[in-house]
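Asks: Contents are mmCIF, C-alpha atoms; chains and numbers go by the auth columns; file name my_file_1.cif:
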data_structure
#
loop_
_atom_site.group_PDB
_atom_site.id
_atom_site.type_symbol
_atom_site.label_atom_id
_atom_site.label_comp_id
_atom_site.label_asym_id
_atom_site.label_seq_id
_atom_site.Cartn_x
_atom_site.Cartn_y
_atom_site.Cartn_z
_atom_site.B_iso_or_equiv
_atom_site.auth_seq_id
_atom_site.auth_asym_id
ATOM 1 C CA MET A 1 -0.131 11.575 12.574 0.00 7 A
ATOM 2 C CA LYS A 2 2.670 13.874 11.519 0.00 8 A
ATOM 3 C CA LYS A 3 4.565 11.868 8.904 0.00 9 A
ATOM 4 C CA ALA A 4 3.817 9.264 6.251 0.00 10 A
ATOM 5 C CA ILE A 5 5.142 8.237 2.853 0.00 11 A
ATOM 6 C CA LEU A 6 4.329 6.010 -0.116 0.00 12 A
ATOM 7 C CA ALA A 7 6.743 3.243 -1.064 0.00 13 A
ATOM 8 C CA THR A 8 7.127 0.184 -3.253 0.00 14 A
ATOM 9 C CA LYS A 9 8.221 -3.171 -1.894 0.00 15 A
ATOM 10 C CA VAL A 10 11.652 -4.226 -3.163 0.00 16 A
ATOM 11 C CA GLY A 11 11.937 -7.527 -1.286 0.00 17 A
ATOM 12 C CA MET A 12 13.331 -9.100 1.869 0.00 18 A
ATOM 13 C CA THR A 13 16.886 -9.598 3.068 0.00 19 A
ATOM 14 C CA GLN A 14 18.777 -9.785 6.342 0.00 20 A
ATOM 15 C CA ILE A 15 21.332 -7.562 8.015 0.00 21 A
ATOM 16 C CA PHE A 16 23.514 -7.743 11.111 0.00 22 A
ATOM 17 C CA ALA A 17 22.666 -5.479 14.039 0.00 23 A
ATOM 18 C CA GLU A 18 25.284 -3.758 16.169 0.00 24 A
ATOM 19 C CA ASP A 19 25.118 -6.530 18.738 0.00 25 A
ATOM 20 C CA GLY A 20 25.843 -9.135 16.043 0.00 26 A
ATOM 21 C CA SER A 21 22.312 -10.540 15.841 0.00 27 A
ATOM 22 C CA LEU A 22 20.806 -11.337 12.438 0.00 28 A
ATOM 23 C CA VAL A 23 17.722 -9.220 11.661 0.00 29 A
ATOM 24 C CA PRO A 24 15.271 -10.037 8.806 0.00 30 A
ATOM 25 C CA VAL A 25 14.189 -6.836 7.069 0.00 31 A
ATOM 26 C CA THR A 26 11.932 -5.718 4.235 0.00 32 A
ATOM 27 C CA VAL A 27 13.475 -3.207 1.823 0.00 33 A
ATOM 28 C CA LEU A 28 11.122 -0.411 0.730 0.00 34 A
ATOM 29 C CA GLN A 29 11.719 2.183 -1.976 0.00 35 A
ATOM 30 C CA ALA A 30 10.171 5.090 -0.074 0.00 36 A
ATOM 31 C CA GLY A 31 9.542 8.167 -2.187 0.00 37 A
ATOM 32 C CA PRO A 32 10.363 10.698 -3.209 0.00 38 A
ATOM 33 C CA CYS A 33 6.752 11.837 -3.012 0.00 39 A
ATOM 34 C CA VAL A 34 5.463 15.313 -3.869 0.00 40 A
ATOM 35 C CA VAL A 35 2.593 17.296 -2.400 0.00 41 A
ATOM 36 C CA THR A 36 -0.134 17.636 -5.058 0.00 42 A
ATOM 37 C CA GLN A 37 -2.892 19.231 -2.956 0.00 43 A
ATOM 38 C CA ILE A 38 -3.398 20.754 0.474 0.00 44 A
ATOM 39 C CA LYS A 39 -6.890 20.490 1.929 0.00 45 A
ATOM 40 C CA THR A 40 -8.008 22.967 4.566 0.00 46 A
ATOM 41 C CA VAL A 41 -10.927 23.176 6.957 0.00 47 A
ATOM 42 C CA GLU A 42 -12.204 26.330 5.240 0.00 48 A
ATOM 43 C CA ASN A 43 -12.364 24.826 1.732 0.00 49 A
ATOM 44 C CA ASP A 44 -12.791 21.085 2.318 0.00 50 A
ATOM 45 C CA GLY A 45 -14.064 20.751 5.862 0.00 51 A
ATOM 46 C CA TYR A 46 -10.953 18.961 7.114 0.00 52 A
ATOM 47 C CA SER A 47 -7.177 19.287 7.056 0.00 53 A
ATOM 48 C CA ALA A 48 -5.124 16.879 4.933 0.00 54 A
ATOM 49 C CA VAL A 49 -2.263 16.603 2.457 0.00 55 A
ATOM 50 C CA GLN A 50 -2.500 14.750 -0.868 0.00 56 A
ATOM 51 C CA VAL A 51 0.778 13.285 -2.129 0.00 57 A
ATOM 52 C CA GLY A 52 1.757 11.731 -5.450 0.00 58 A
ATOM 53 C CA PHE A 53 4.256 8.965 -6.078 0.00 59 A
ATOM 54 C CA GLU A 54 5.991 7.635 -9.224 0.00 60 A
ATOM 55 C CA ASP A 55 5.989 9.571 -12.470 0.00 61 A
ATOM 56 C CA LYS A 56 3.860 8.453 -15.387 0.00 62 A
ATOM 57 C CA LYS A 57 5.584 8.152 -18.739 0.00 63 A
ATOM 58 C CA GLU A 58 4.609 10.390 -21.621 0.00 64 A
ATOM 59 C CA LYS A 59 4.281 9.637 -25.300 0.00 65 A
ATOM 60 C CA ILE A 60 4.030 11.794 -28.421 0.00 66 A
ATOM 61 C CA ASN A 61 0.870 11.739 -30.484 0.00 67 A
ATOM 62 C CA ASN A 62 1.236 12.901 -34.124 0.00 68 A
ATOM 63 C CA ARG A 63 -2.427 12.641 -35.055 0.00 69 A
ATOM 64 C CA ASP A 64 -3.518 16.191 -34.178 0.00 70 A
ATOM 65 C CA LYS A 65 -5.170 18.232 -36.946 0.00 71 A
ATOM 66 C CA ALA A 66 -2.730 21.144 -36.814 0.00 72 A
ATOM 67 C CA GLY A 67 0.193 18.880 -37.631 0.00 73 A
ATOM 68 C CA LYS A 68 1.989 19.705 -34.431 0.00 74 A
ATOM 69 C CA LYS A 69 3.243 17.141 -31.974 0.00 75 A
ATOM 70 C CA GLU A 70 1.098 16.945 -28.876 0.00 76 A
ATOM 71 C CA VAL A 71 2.327 15.413 -25.625 0.00 77 A
ATOM 72 C CA VAL A 72 -0.250 13.034 -24.193 0.00 78 A
ATOM 73 C CA HIS A 73 0.023 11.149 -20.916 0.00 79 A
ATOM 74 C CA ARG A 74 -0.482 7.404 -21.211 0.00 80 A
ATOM 75 C CA HIS A 75 -2.200 5.158 -18.665 0.00 81 A
ATOM 76 C CA GLY A 76 -5.443 7.143 -18.755 0.00 82 A
ATOM 77 C CA VAL A 77 -4.538 10.589 -17.392 0.00 83 A
ATOM 78 C CA ASN A 78 -7.476 12.733 -18.488 0.00 84 A
ATOM 79 C CA LYS A 79 -7.610 16.508 -18.852 0.00 85 A
ATOM 80 C CA ALA A 80 -8.980 17.021 -15.354 0.00 86 A
ATOM 81 C CA GLN A 81 -6.072 15.101 -13.851 0.00 87 A
ATOM 82 C CA GLN A 82 -3.583 16.939 -16.047 0.00 88 A
ATOM 83 C CA GLY A 83 -5.016 20.231 -14.798 0.00 89 A
ATOM 84 C CA HIS A 84 -4.782 19.015 -11.212 0.00 90 A
ATOM 85 C CA PHE A 85 -1.073 18.199 -11.579 0.00 91 A
ATOM 86 C CA LYS A 86 -0.404 21.392 -13.515 0.00 92 A
ATOM 87 C CA LYS A 87 -1.982 23.483 -10.755 0.00 93 A
ATOM 88 C CA ALA A 88 0.345 21.843 -8.251 0.00 94 A
ATOM 89 C CA GLY A 89 3.337 22.383 -10.542 0.00 95 A
ATOM 90 C CA VAL A 90 4.309 18.709 -10.711 0.00 96 A
ATOM 91 C CA SER A 91 4.411 16.001 -13.364 0.00 97 A
ATOM 92 C CA ALA A 92 1.698 13.356 -13.656 0.00 98 A
ATOM 93 C CA LYS A 93 1.852 10.755 -10.896 0.00 99 A
ATOM 94 C CA ARG A 94 0.790 7.125 -10.902 0.00 100 A
ATOM 95 C CA TYR A 95 -0.385 6.985 -7.280 0.00 101 A
ATOM 96 C CA LEU A 96 -2.256 9.589 -5.244 0.00 102 A
ATOM 97 C CA ARG A 97 -2.969 9.170 -1.551 0.00 103 A
ATOM 98 C CA GLU A 98 -4.261 11.483 1.159 0.00 104 A
ATOM 99 C CA PHE A 99 -2.923 11.805 4.699 0.00 105 A
ATOM 100 C CA LYS A 100 -4.587 13.662 7.552 0.00 106 A
ATOM 101 C CA PHE A 101 -1.504 15.322 8.995 0.00 107 A
ATOM 102 C CA GLU A 102 -1.749 17.272 12.227 0.00 108 A
ATOM 103 C CA ASN A 103 0.753 19.741 10.758 0.00 109 A
ATOM 104 C CA ALA A 104 -0.777 19.975 7.266 0.00 110 A
ATOM 105 C CA ASP A 105 -0.390 23.761 7.207 0.00 111 A
ATOM 106 C CA GLU A 106 3.402 23.347 7.281 0.00 112 A
ATOM 107 C CA TYR A 107 3.443 21.736 3.811 0.00 113 A
ATOM 108 C CA ALA A 108 3.524 23.508 0.433 0.00 114 A
ATOM 109 C CA LEU A 109 2.550 22.462 -3.084 0.00 115 A
ATOM 110 C CA ALA A 110 5.249 20.556 -5.001 0.00 116 A
ATOM 111 C CA GLN A 111 7.172 19.977 -1.768 0.00 117 A
ATOM 112 C CA GLU A 112 9.129 16.727 -1.745 0.00 118 A
ATOM 113 C CA ILE A 113 8.717 14.112 0.970 0.00 119 A
ATOM 114 C CA LYS A 114 11.651 11.725 1.181 0.00 120 A
ATOM 115 C CA ALA A 115 12.616 8.696 3.235 0.00 121 A
ATOM 116 C CA ASP A 116 14.679 10.816 5.639 0.00 122 A
ATOM 117 C CA ILE A 117 11.495 11.922 7.437 0.00 123 A
ATOM 118 C CA PHE A 118 11.896 8.614 9.299 0.00 124 A
ATOM 119 C CA ALA A 119 14.825 7.701 11.511 0.00 125 A
ATOM 120 C CA THR A 120 16.300 4.485 12.845 0.00 126 A
ATOM 121 C CA GLY A 121 14.205 3.173 15.707 0.00 127 A
ATOM 122 C CA ASP A 122 10.910 4.722 14.580 0.00 128 A
ATOM 123 C CA LYS A 123 7.785 2.550 14.820 0.00 129 A
ATOM 124 C CA VAL A 124 5.581 2.509 11.714 0.00 130 A
ATOM 125 C CA ASP A 125 2.419 0.899 10.326 0.00 131 A
ATOM 126 C CA ALA A 126 2.639 -0.691 6.854 0.00 132 A
ATOM 127 C CA THR A 127 -0.490 -1.063 4.680 0.00 133 A
ATOM 128 C CA ALA A 128 -0.650 -2.903 1.342 0.00 134 A
ATOM 129 C CA ILE A 129 -2.767 -5.339 -0.667 0.00 135 A
ATOM 130 C CA SER A 130 -1.838 -8.909 0.219 0.00 136 A
ATOM 131 C CA LYS A 131 -0.767 -11.510 -2.316 0.00 137 A
ATOM 132 C CA GLY A 132 -3.588 -13.209 -4.207 0.00 138 A
ATOM 133 C CA LYS A 133 -3.861 -16.975 -3.663 0.00 139 A
ATOM 134 C CA GLY A 134 -6.737 -17.670 -6.039 0.00 140 A
ATOM 135 C CA PHE A 135 -9.647 -19.959 -5.151 0.00 141 A
ATOM 136 C CA GLN A 136 -8.815 -21.995 -2.047 0.00 142 A
ATOM 137 C CA GLY A 137 -10.640 -24.476 0.173 0.00 143 A
ATOM 138 C CA ALA A 138 -11.746 -23.900 3.728 0.00 144 A
ATOM 139 C CA ILE A 139 -8.734 -25.728 5.208 0.00 145 A
ATOM 140 C CA LYS A 140 -6.159 -23.445 3.621 0.00 146 A
ATOM 141 C CA ARG A 141 -8.299 -20.300 3.591 0.00 147 A
ATOM 142 C CA HIS A 142 -9.660 -20.473 7.163 0.00 148 A
ATOM 143 C CA ASN A 143 -7.359 -23.045 8.798 0.00 149 A
ATOM 144 C CA GLN A 144 -10.211 -25.496 9.376 0.00 150 A
ATOM 145 C CA SER A 145 -9.514 -29.103 10.370 0.00 151 A
ATOM 146 C CA ARG A 146 -9.870 -32.053 8.006 0.00 152 A
ATOM 147 C CA GLY A 147 -11.849 -35.203 8.589 0.00 153 A
ATOM 148 C CA PRO A 148 -10.556 -38.772 8.984 0.00 154 A
ATOM 149 C CA MET A 149 -8.354 -39.956 6.127 0.00 155 A
ATOM 150 C CA ALA A 150 -9.486 -43.605 6.439 0.00 156 A
ATOM 151 C CA HIS A 151 -10.835 -45.376 3.350 0.00 157 A
ATOM 152 C CA GLY A 152 -14.316 -45.708 4.810 0.00 158 A
ATOM 153 C CA SER A 153 -14.622 -42.016 5.512 0.00 159 A
ATOM 154 C CA LYS A 154 -16.573 -39.937 3.026 0.00 160 A
ATOM 155 C CA TYR A 155 -15.358 -36.725 4.657 0.00 161 A
ATOM 156 C CA HIS A 156 -11.729 -35.661 4.116 0.00 162 A
ATOM 157 C CA ARG A 157 -11.242 -32.003 3.253 0.00 163 A
ATOM 158 C CA HIS A 158 -14.857 -30.856 3.127 0.00 164 A
ATOM 159 C CA ALA A 159 -15.887 -27.651 4.921 0.00 165 A
ATOM 160 C CA GLY A 160 -18.515 -29.457 6.978 0.00 166 A
ATOM 161 C CA SER A 161 -22.141 -28.538 7.608 0.00 167 A
ATOM 162 C CA ASN A 162 -23.184 -25.143 6.243 0.00 168 A
ATOM 163 C CA GLY A 163 -26.464 -24.670 8.072 0.00 169 A
ATOM 164 C CA ALA A 164 -29.517 -26.217 9.677 0.00 170 A
ATOM 165 C CA CYS A 165 -32.250 -27.935 7.627 0.00 171 A
ATOM 166 C CA SER A 166 -35.640 -26.483 8.506 0.00 172 A
ATOM 167 C CA SER A 167 -34.646 -23.717 10.867 0.00 173 A
ATOM 168 C CA PRO A 168 -33.348 -21.225 9.832 0.00 174 A
ATOM 169 C CA SER A 169 -33.349 -22.883 6.373 0.00 175 A
ATOM 170 C CA ARG A 170 -30.458 -20.769 5.152 0.00 176 A
ATOM 171 C CA VAL A 171 -26.741 -20.184 5.519 0.00 177 A
ATOM 172 C CA PHE A 172 -25.811 -17.300 7.786 0.00 178 A
ATOM 173 C CA LYS A 173 -23.816 -14.403 6.381 0.00 179 A
ATOM 174 C CA GLY A 174 -20.128 -14.599 7.217 0.00 180 A
ATOM 175 C CA LYS A 175 -19.982 -18.386 7.088 0.00 181 A
ATOM 176 C CA LYS A 176 -16.380 -19.422 6.473 0.00 182 A
ATOM 177 C CA MET A 177 -16.424 -21.248 3.158 0.00 183 A
ATOM 178 C CA PRO A 178 -14.126 -21.858 0.176 0.00 184 A
ATOM 179 C CA GLY A 179 -13.504 -18.841 -2.027 0.00 185 A
ATOM 180 C CA HIS A 180 -11.038 -16.250 -3.250 0.00 186 A
ATOM 181 C CA MET A 181 -8.099 -15.987 -0.864 0.00 187 A
ATOM 182 C CA GLY A 182 -5.878 -12.942 -0.564 0.00 188 A
ATOM 183 C CA CYS A 183 -5.995 -9.620 -2.467 0.00 189 A
ATOM 184 C CA VAL A 184 -7.256 -7.750 0.594 0.00 190 A
ATOM 185 C CA THR A 185 -5.922 -4.669 2.344 0.00 191 A
ATOM 186 C CA VAL A 186 -3.682 -5.696 5.248 0.00 192 A
ATOM 187 C CA THR A 187 -2.054 -3.467 7.871 0.00 193 A
ATOM 188 C CA VAL A 188 0.866 -4.623 10.025 0.00 194 A
ATOM 189 C CA LYS A 189 1.371 -2.336 12.997 0.00 195 A
ATOM 190 C CA ASN A 190 4.292 -1.328 15.170 0.00 196 A
ATOM 191 C CA LEU A 191 7.124 -2.329 12.841 0.00 197 A
ATOM 192 C CA GLU A 192 10.583 -0.979 13.613 0.00 198 A
ATOM 193 C CA VAL A 193 12.662 1.004 11.137 0.00 199 A
ATOM 194 C CA VAL A 194 16.088 -0.631 11.271 0.00 200 A
ATOM 195 C CA ARG A 195 17.945 1.524 8.772 0.00 201 A
ATOM 196 C CA VAL A 196 17.353 4.579 6.555 0.00 202 A
ATOM 197 C CA ASP A 197 19.305 5.233 3.342 0.00 203 A
ATOM 198 C CA ALA A 198 18.543 8.886 2.581 0.00 204 A
ATOM 199 C CA GLU A 199 20.573 8.966 -0.658 0.00 205 A
ATOM 200 C CA LYS A 200 18.720 6.041 -2.266 0.00 206 A
ATOM 201 C CA ASN A 201 15.406 6.685 -0.461 0.00 207 A
ATOM 202 C CA LEU A 202 15.374 3.224 1.083 0.00 208 A
ATOM 203 C CA LEU A 203 13.710 2.121 4.306 0.00 209 A
ATOM 204 C CA LEU A 204 14.672 -1.158 5.966 0.00 210 A
ATOM 205 C CA VAL A 205 11.817 -2.322 8.175 0.00 211 A
ATOM 206 C CA LYS A 206 12.181 -5.212 10.601 0.00 212 A
ATOM 207 C CA GLY A 207 10.040 -8.216 9.718 0.00 213 A
ATOM 208 C CA ALA A 208 7.600 -8.865 6.905 0.00 214 A
ATOM 209 C CA VAL A 209 5.444 -6.300 5.113 0.00 215 A
ATOM 210 C CA PRO A 210 2.258 -7.318 3.260 0.00 216 A
ATOM 211 C CA GLY A 211 2.122 -7.329 -0.527 0.00 217 A
ATOM 212 C CA ALA A 212 4.059 -8.741 -3.443 0.00 218 A
ATOM 213 C CA LYS A 213 7.249 -7.278 -4.863 0.00 219 A
ATOM 214 C CA LYS A 214 6.724 -3.868 -6.508 0.00 220 A
ATOM 215 C CA ALA A 215 3.458 -3.478 -4.590 0.00 221 A
ATOM 216 C CA LEU A 216 2.445 -0.063 -3.305 0.00 222 A
ATOM 217 C CA VAL A 217 2.951 0.224 0.467 0.00 223 A
ATOM 218 C CA THR A 218 1.736 3.055 2.691 0.00 224 A
ATOM 219 C CA ILE A 219 4.075 3.776 5.598 0.00 225 A
ATOM 220 C CA LYS A 220 2.732 5.818 8.523 0.00 226 A
ATOM 221 C CA GLU A 221 3.976 6.463 12.017 0.00 227 A
ATOM 222 C CA THR A 222 2.340 3.885 14.229 0.00 228 A
ATOM 223 C CA THR A 223 -0.904 4.451 16.082 0.00 229 A
ATOM 224 C CA LYS A 224 -0.303 1.499 18.404 0.00 230 A
ATOM 225 C CA ALA A 225 0.991 2.381 21.842 0.00 231 A
ATOM 226 C CA GLU A 226 3.911 0.370 23.111 0.00 232 A
ATOM 227 C CA ALA A 227 2.978 -2.317 25.624 0.00 233 A
#
Give the structure from this file in structure tokens form.
Replies:
Amino acid sequence: MKKAILATKVGMTQIFAEDGSLVPVTVLQAGPCVVTQIKTVENDGYSAVQVGFEDKKEKINNRDKAGKKEVVHRHGVNKAQQGHFKKAGVSAKRYLREFKFENADEYALAQEIKADIFATGDKVDATAISKGKGFQGAIKRHNQSRGPMAHGSKYHRHAGSNGACSSPSRVFKGKKMPGHMGCVTVTVKNLEVVRVDAEKNLLLVKGAVPGAKKALVTIKETTKAEA
């Protein structure tokens, strides 16, 4: 992998291609990200680049003993994190992610990574946390079939038998049952970049991308070979 970026999901729309066909796309606010740490084989045992995305707001705290105004980061940025960002020469970031780039030695601290690292026609993998659906039954959660809907039937939308009686006298792990649906990490591979707006740092990706609006999305060049 040689290029990747962090983005937030703006939403979906549709655009016209050059041949006049209508293409559904997902709009992503990709970057700008900054390099906050460079890991090397000598120091860390592997080569990678840590990037930060989205600035954290600051507030002024007047309760210090000396009577001077002290700038404190909100949203739980402790002193260790402040020192980490200060060493890199960047402001505090909300999101930090690490990418194992093959060309990690070509990056420098505080270097910006923008949407223009991708071009129209590139194939990418999009990773995000899917929408939460709450507690759902086995029919919706696992696409199981329902029973007869006749009045005499006592079995309509039940999950069915969970396990045998005397042997093995338990329910096997992994049994598909009702429960919390969604809120899991999902990766959609081999999506096509339809358009890149370098000025506004926007990526238009063909098709759907997992996650709700404003969700954090990791965009990497695809690892799936074309069929």
Asks: List, as a PyMOL selection string, every residue that the PyMOL selection byres ((chain A and resi 192) around 8) selects in the file provided.
Replies: chain A and resi 133-136+190-191+193-194+216
Asks: Once 5 Å is added on each side, what are the centre and the three edge lengths, in Å to one decimal, of the axis-aligned box enclosing the listed atoms of region 106-111 of chain A? Present them as AutoDock Vina command-line options.
Replies:
--center_x -1.9 --center_y 18.7 --center_z 9.7 --size_x 15.3 --size_y 20.1 --size_z 15.0
Asks: Please compute the CA of Val41 (chain A)-CA of Leu222 (chain A) distance, one decimal, in Å.
Replies: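 Going from CA of Val41 (chain A) over to CA of Leu222 (chain A) covers 17.4 Å.
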Asks: Using the chain letters and numbers from the file, give me the residues hit by the PyMOL selection byres ((chain A and resi 139-156) around 10), as a PyMOL selection string.
Replies: chain A and resi 136-138+157-166+182-189
Asks: Can you write just those residues out, C-alpha atoms, as a CSV table (one decimal), in the coordinates of the input?
Replies:
chain,number,residue,atom,x,y,z
A,136,SER,CA,-1.8,-8.9,0.2
A,137,LYS,CA,-0.8,-11.5,-2.3
A,138,GLY,CA,-3.6,-13.2,-4.2
A,157,HIS,CA,-10.8,-45.4,3.4
A,158,GLY,CA,-14.3,-45.7,4.8
A,159,SER,CA,-14.6,-42.0,5.5
A,160,LYS,CA,-16.6,-39.9,3.0
A,161,TYR,CA,-15.4,-36.7,4.7
A,162,HIS,CA,-11.7,-35.7,4.1
A,163,ARG,CA,-11.2,-32.0,3.3
A,164,HIS,CA,-14.9,-30.9,3.1
A,165,ALA,CA,-15.9,-27.7,4.9
A,166,GLY,CA,-18.5,-29.5,7.0
A,182,LYS,CA,-16.4,-19.4,6.5
A,183,MET,CA,-16.4,-21.2,3.2
A,184,PRO,CA,-14.1,-21.9,0.2
A,185,GLY,CA,-13.5,-18.8,-2.0
A,186,HIS,CA,-11.0,-16.2,-3.2
A,187,MET,CA,-8.1,-16.0,-0.9
A,188,GLY,CA,-5.9,-12.9,-0.6
A,189,CYS,CA,-6.0,-9.6,-2.5
Asks: To one decimal place in Å, what is the distance between CA of Val57 (chain A) and CA of Thr229 (chain A)?
Replies: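 For CA of Val57 (chain A) relative to CA of Thr229 (chain A), the distance reads 20.3 Å.
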Asks: Hey, what comes out of the PyMOL selection byres ((chain A and resi 24-40) around 7) on this file? Could you write it as number ranges by chain?
Replies: A: 11-23, 41-42, 57-59, 116-121, 207-215
Asks: So how many Å separate CA of Ala132 (chain A) and CA of Val83 (chain A), to one decimal?
Replies: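 Computing the Euclidean distance for CA of Ala132 (chain A) and CA of Val83 (chain A) yields 27.7 Å.
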Asks: Identify which of the residues A:Ala110, A:Ala10, A:Val177, A:Leu115 lies closest to Thr228 (chain A), counting all atoms listed in the file when measuring atom-to-atom distances.
Replies: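 Smallest distance to Thr228 (chain A) is found for A:Ala10.
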Asks: Given all atoms listed in the file as the basis, pick out the residue of A:Lys9, A:Lys219, A:Arg201, A:Lys45 nearest to Ala125 (chain A).
Replies: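 So, comparing all the options, the nearest one is A:Arg201.
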